[in-house]
$ cat query.txt   # compact mmCIF, C-alpha atoms
# COMPACT_ATOMS: atom_id res chain seq x y z
CA MET A 164 2.40 -36.21 -30.63
CA VAL A 165 -0.59 -35.47 -28.41
CA MET A 166 -2.09 -32.01 -28.85
CA LYS A 167 -2.48 -29.75 -25.85
CA PRO A 168 -6.07 -29.96 -24.57
CA ILE A 169 -7.86 -26.60 -24.70
CA GLY A 170 -8.68 -26.88 -20.99
CA ILE A 171 -4.98 -27.18 -20.17
CA ALA A 172 -4.20 -24.13 -22.31
CA ILE A 173 -6.92 -22.15 -20.51
CA LEU A 174 -5.83 -23.38 -17.06
CA SER A 175 -2.21 -22.65 -17.89
CA ILE A 176 -2.89 -19.09 -19.03
CA PHE A 177 -5.21 -18.52 -16.07
CA SER A 178 -2.54 -19.76 -13.65
CA LEU A 179 0.13 -17.58 -15.25
CA VAL A 180 -2.08 -14.47 -15.12
CA VAL A 181 -3.28 -15.07 -11.56
CA GLY A 182 0.26 -15.92 -10.45
CA THR A 183 1.64 -12.73 -11.97
CA LEU A 184 -1.13 -10.59 -10.45
CA ALA A 185 -0.69 -12.21 -7.03
CA PHE A 186 3.07 -11.67 -7.22
CA LEU A 187 2.58 -7.99 -8.05
CA ALA A 188 -0.07 -7.58 -5.34
CA GLY A 189 2.30 -9.11 -2.80
CA ILE A 190 5.08 -6.75 -3.85
CA ILE A 191 2.71 -3.78 -3.50
CA LEU A 192 1.57 -4.99 -0.07
CA VAL A 193 5.16 -5.38 1.16
CA ALA A 194 6.04 -1.95 -0.27
CA PHE A 195 2.96 -0.39 1.36
CA SER A 196 3.85 -1.82 4.76
CA THR A 197 7.39 -0.47 4.36
CA ILE A 198 6.03 3.01 3.59
CA ILE A 199 4.10 2.93 6.86
CA VAL A 200 7.31 2.02 8.71
CA ILE A 201 9.29 4.80 7.00
CA THR A 202 6.75 7.52 7.75
CA PRO A 203 5.67 7.28 11.40
CA ARG A 204 3.39 10.29 10.96
CA THR A 205 1.35 8.27 8.46
CA ALA A 206 1.13 5.44 11.00
CA GLU A 207 -0.06 7.93 13.62
CA GLU A 208 -2.71 9.30 11.26
CA ILE A 209 -3.89 5.80 10.44
CA ALA A 210 -4.01 4.93 14.14
CA ARG A 211 -5.87 8.14 14.98
CA ASN A 212 -8.39 7.59 12.19
CA LEU A 213 -8.88 3.96 13.14
CA GLY A 214 -9.31 4.99 16.77
CA GLN A 215 -12.23 7.19 15.74
CA LEU A 216 -14.10 4.26 14.24
CA PRO A 217 -16.82 2.80 16.47
CA GLY A 218 -15.74 -0.39 18.18
CA MET A 219 -11.98 0.13 17.73
CA PRO A 220 -9.85 -0.37 20.84
CA PHE A 221 -8.18 2.62 22.46
CA GLY A 222 -4.70 1.06 22.31
CA ILE A 223 -4.61 1.04 18.51
CA HIS A 224 -1.29 2.98 18.48
CA GLY A 225 0.51 -0.02 19.93
CA MET A 226 -0.96 -2.27 17.27
CA ILE A 227 0.61 -0.45 14.31
CA ALA A 228 4.01 -2.20 14.49
CA PRO A 229 2.49 -5.71 14.69
CA ALA A 230 0.10 -4.72 11.90
CA GLU A 231 3.04 -3.70 9.71
CA LEU A 232 4.73 -7.02 10.37
CA LEU A 233 1.49 -8.82 9.55
CA LEU A 234 1.28 -6.89 6.27
CA VAL A 235 4.84 -7.90 5.39
CA PHE A 236 4.21 -11.58 6.18
CA THR A 237 0.93 -11.50 4.26
CA GLY A 238 2.69 -9.88 1.30
CA VAL A 239 5.44 -12.51 1.33
CA PHE A 240 2.78 -15.25 1.51
CA ILE A 241 0.93 -13.76 -1.47
CA ILE A 242 4.22 -13.47 -3.40
CA THR A 243 4.88 -17.17 -2.69
CA ILE A 244 1.39 -18.15 -3.87
CA GLY A 245 1.94 -16.05 -7.00
CA ILE A 246 5.20 -17.83 -7.75
CA ILE A 247 3.60 -21.24 -7.21
CA MET A 248 0.71 -20.33 -9.53
CA ALA A 249 3.07 -19.03 -12.23
CA VAL A 250 5.20 -22.19 -12.00
CA ILE A 251 2.05 -24.32 -12.27
CA GLY A 252 0.95 -22.34 -15.33
CA TRP A 253 4.33 -22.66 -17.02
CA GLY A 254 4.58 -26.37 -16.19
CA LEU A 255 1.08 -27.09 -17.47
CA TRP A 256 1.85 -25.21 -20.68
CA ILE A 257 4.93 -27.34 -21.42
CA GLY A 258 3.15 -30.58 -20.44
CA ALA A 259 5.16 -31.38 -17.31
CA ASN A 260 3.49 -34.06 -15.20
CA TRP A 261 5.00 -32.60 -12.00
CA ALA A 262 3.02 -29.41 -12.71
CA ARG A 263 -0.14 -31.48 -13.14
CA TRP A 264 0.43 -33.00 -9.69
CA ILE A 265 1.20 -29.66 -8.08
CA ALA A 266 -2.00 -28.30 -9.65
CA ILE A 267 -3.96 -31.30 -8.35
CA ILE A 268 -2.62 -30.68 -4.84
CA TYR A 269 -3.10 -26.89 -5.03
CA PHE A 270 -6.66 -26.98 -6.38
CA GLY A 271 -7.49 -30.01 -4.18
CA LEU A 272 -6.48 -28.03 -1.10
CA GLY A 273 -8.57 -25.14 -2.41
CA ALA A 274 -11.55 -27.50 -2.71
CA LEU A 275 -11.03 -28.82 0.83
CA SER A 276 -10.78 -25.28 2.17
CA SER A 277 -13.98 -24.31 0.37
CA LEU A 278 -15.72 -27.44 1.65
CA SER A 279 -14.69 -26.53 5.19
CA ASN A 280 -16.12 -23.04 4.68
CA VAL A 281 -19.38 -24.44 3.30
CA LEU A 282 -19.69 -26.77 6.30
CA GLN A 283 -19.28 -23.72 8.56
CA GLY A 284 -22.22 -22.03 6.83
CA GLN A 285 -20.31 -19.82 4.37
CA PHE A 286 -22.35 -20.83 1.35
CA GLY A 287 -20.77 -18.22 -0.91
CA THR A 288 -17.75 -20.51 -1.26
CA ILE A 289 -19.78 -23.19 -3.04
CA ILE A 290 -18.70 -21.69 -6.38
CA SER A 291 -15.04 -21.98 -5.36
CA LEU A 292 -15.64 -25.56 -4.23
CA VAL A 293 -17.21 -26.50 -7.57
CA ILE A 294 -14.52 -24.79 -9.67
CA ASN A 295 -11.62 -26.31 -7.70
CA GLY A 296 -13.30 -29.73 -7.73
CA LEU A 297 -13.89 -29.57 -11.49
CA ILE A 298 -10.25 -28.61 -12.11
CA VAL A 299 -9.02 -31.58 -10.07
CA TYR A 300 -11.49 -33.88 -11.89
CA TYR A 301 -10.38 -32.49 -15.27
CA LEU A 302 -6.71 -33.16 -14.50
CA PHE A 303 -7.55 -36.87 -14.09
CA LEU A 304 -9.40 -37.26 -17.42
CA PRO A 305 -7.78 -39.78 -19.80
CA HIS A 306 -7.00 -37.32 -22.62
CA VAL A 307 -5.40 -34.90 -20.14
CA LYS A 308 -3.30 -37.66 -18.57
CA ARG A 309 -2.27 -38.74 -22.07
CA PHE A 310 -1.02 -35.19 -22.80
CA PHE A 311 1.12 -35.31 -19.65
CA LYS A 312 2.21 -38.90 -20.40
CA ALA A 313 0.90 -39.85 -16.97
CA SER A 314 -0.21 -43.29 -15.85
CA VAL A 315 -1.99 -42.08 -12.70
$ encode --input "query.txt" --output "structure tokens"
Amino acid sequence: MVMKPIGIAILSIFSLVVGTLAFLAGIILVAFSTIIVITPRTAEEIARNLGQLPGMPFGIHGMIAPAELLLVFTGVFIITIGIIMAVIGWGLWIGANWARWIAIIYFGLGALSSLSNVLQGQFGTIISLVINGLIVYYLFLPHVKRFFKASV
């Protein structure tokens, strides 16, 4: 029996924690947007306060409903990402090769996104690019592939 590589244990726990936190953050975001819908006076106060900020458009009142919808969609998206991360973490922990491939795709897309940001001059994302790239590289190392009983 092949022992679980320490990097896989760390990545698995990290994915589970981040997935859980993202899931909870998404729930809070959806709940927050619902609270704004339930209490129109709060929405009015937010609109009035935003309207007092320099550079804010005058028609901010009409933007509250679309903003609420955007918050709900963003919350649902974050919940979905949280579920994906938690599933990746669980799958990596049990040594499922499908989880390894989902992680490769997920972190590979993260690396491509970071690379795109770097090419647009957002050099703060270099750290994200390096971390995502190293995770993808790590998942292809021979001892890691052996743990997942993977040929590719």
$ closest_residue --input "query.txt" --among "A:Ala274, A:Ile265, A:Ala188, A:Val281" --to "Gly245 in chain A" --atoms "only C-alpha atoms"
A:Ala188
$ atom_distance --input "query.txt" --atom1 "CA of Ala313 in chain A" --atom2 "CA of Ile169 in chain A"
17.7 Å
$ residues_around --input "query.txt" --residues "Arg263 in chain A" --least-positions-apart "5" --cutoff "9 Å" --atoms "all atoms listed in the file" --output "NGL selection string"
:A and (251 or 254-255 or 258 or 268 or 302 or 308 or 311)
$ atom_distance --input "query.txt" --atom1 "CA of Ala266 in chain A" --atom2 "CA of Val250 in chain A"
9.7 Å
$ atom_distance --input "query.txt" --atom1 "CA of Val180 in chain A" --atom2 "CA of Ser279 in chain A"
26.8 Å
$ axis_aligned_box --input "query.txt" --around "range 261-271 of chain A" --padding-each-side "3 Å" --output "lines of an AutoDock Vina configuration file"
center_x = -1.2
center_y = -29.9
center_z = -8.7
size_x = 18.5
size_y = 12.1
size_z = 15.0
$ residues_around --input "query.txt" --residues "Ile267 in chain A" --least-positions-apart "2" --cutoff "9 Å" --atoms "all atoms listed in the file" --output "VMD selection string"
chain A and resid 262 to 265 269 to 272 298 to 300 302 to 303
$ closest_residue --input "query.txt" --among "A:Leu234, A:Val165, A:Ile173, A:Ile246" --to "Ala185 in chain A" --atoms "only C-alpha atoms"
A:Ile246
$ residues_around --input "query.txt" --residues "Gly252 in chain A" --least-positions-apart "6" --cutoff "7 Å" --atoms "only C-alpha atoms" --output "ChimeraX atom specification"
/A:175-176,178-179
$ closest_residue --input "query.txt" --among "A:Gly296, A:Pro305, A:Gly189, A:Gly182" --to "Val239 in chain A" --atoms "all atoms listed in the file"
A:Gly189
$ closest_residue --input "query.txt" --among "A:Trp253, A:Phe236, A:Tyr301, A:Phe310" --to "Phe177 in chain A" --atoms "all atoms listed in the file"
A:Trp253
$ closest_residue --input "query.txt" --among "A:Ile290, A:Val181, A:Met166, A:Val235" --to "Phe195 in chain A" --atoms "all atoms listed in the file"
A:Val235
$ closest_residue --input "query.txt" --among "A:Thr183, A:Ile257, A:Gly287, A:Ile190" --to "Gly238 in chain A" --atoms "all atoms listed in the file"
A:Ile190
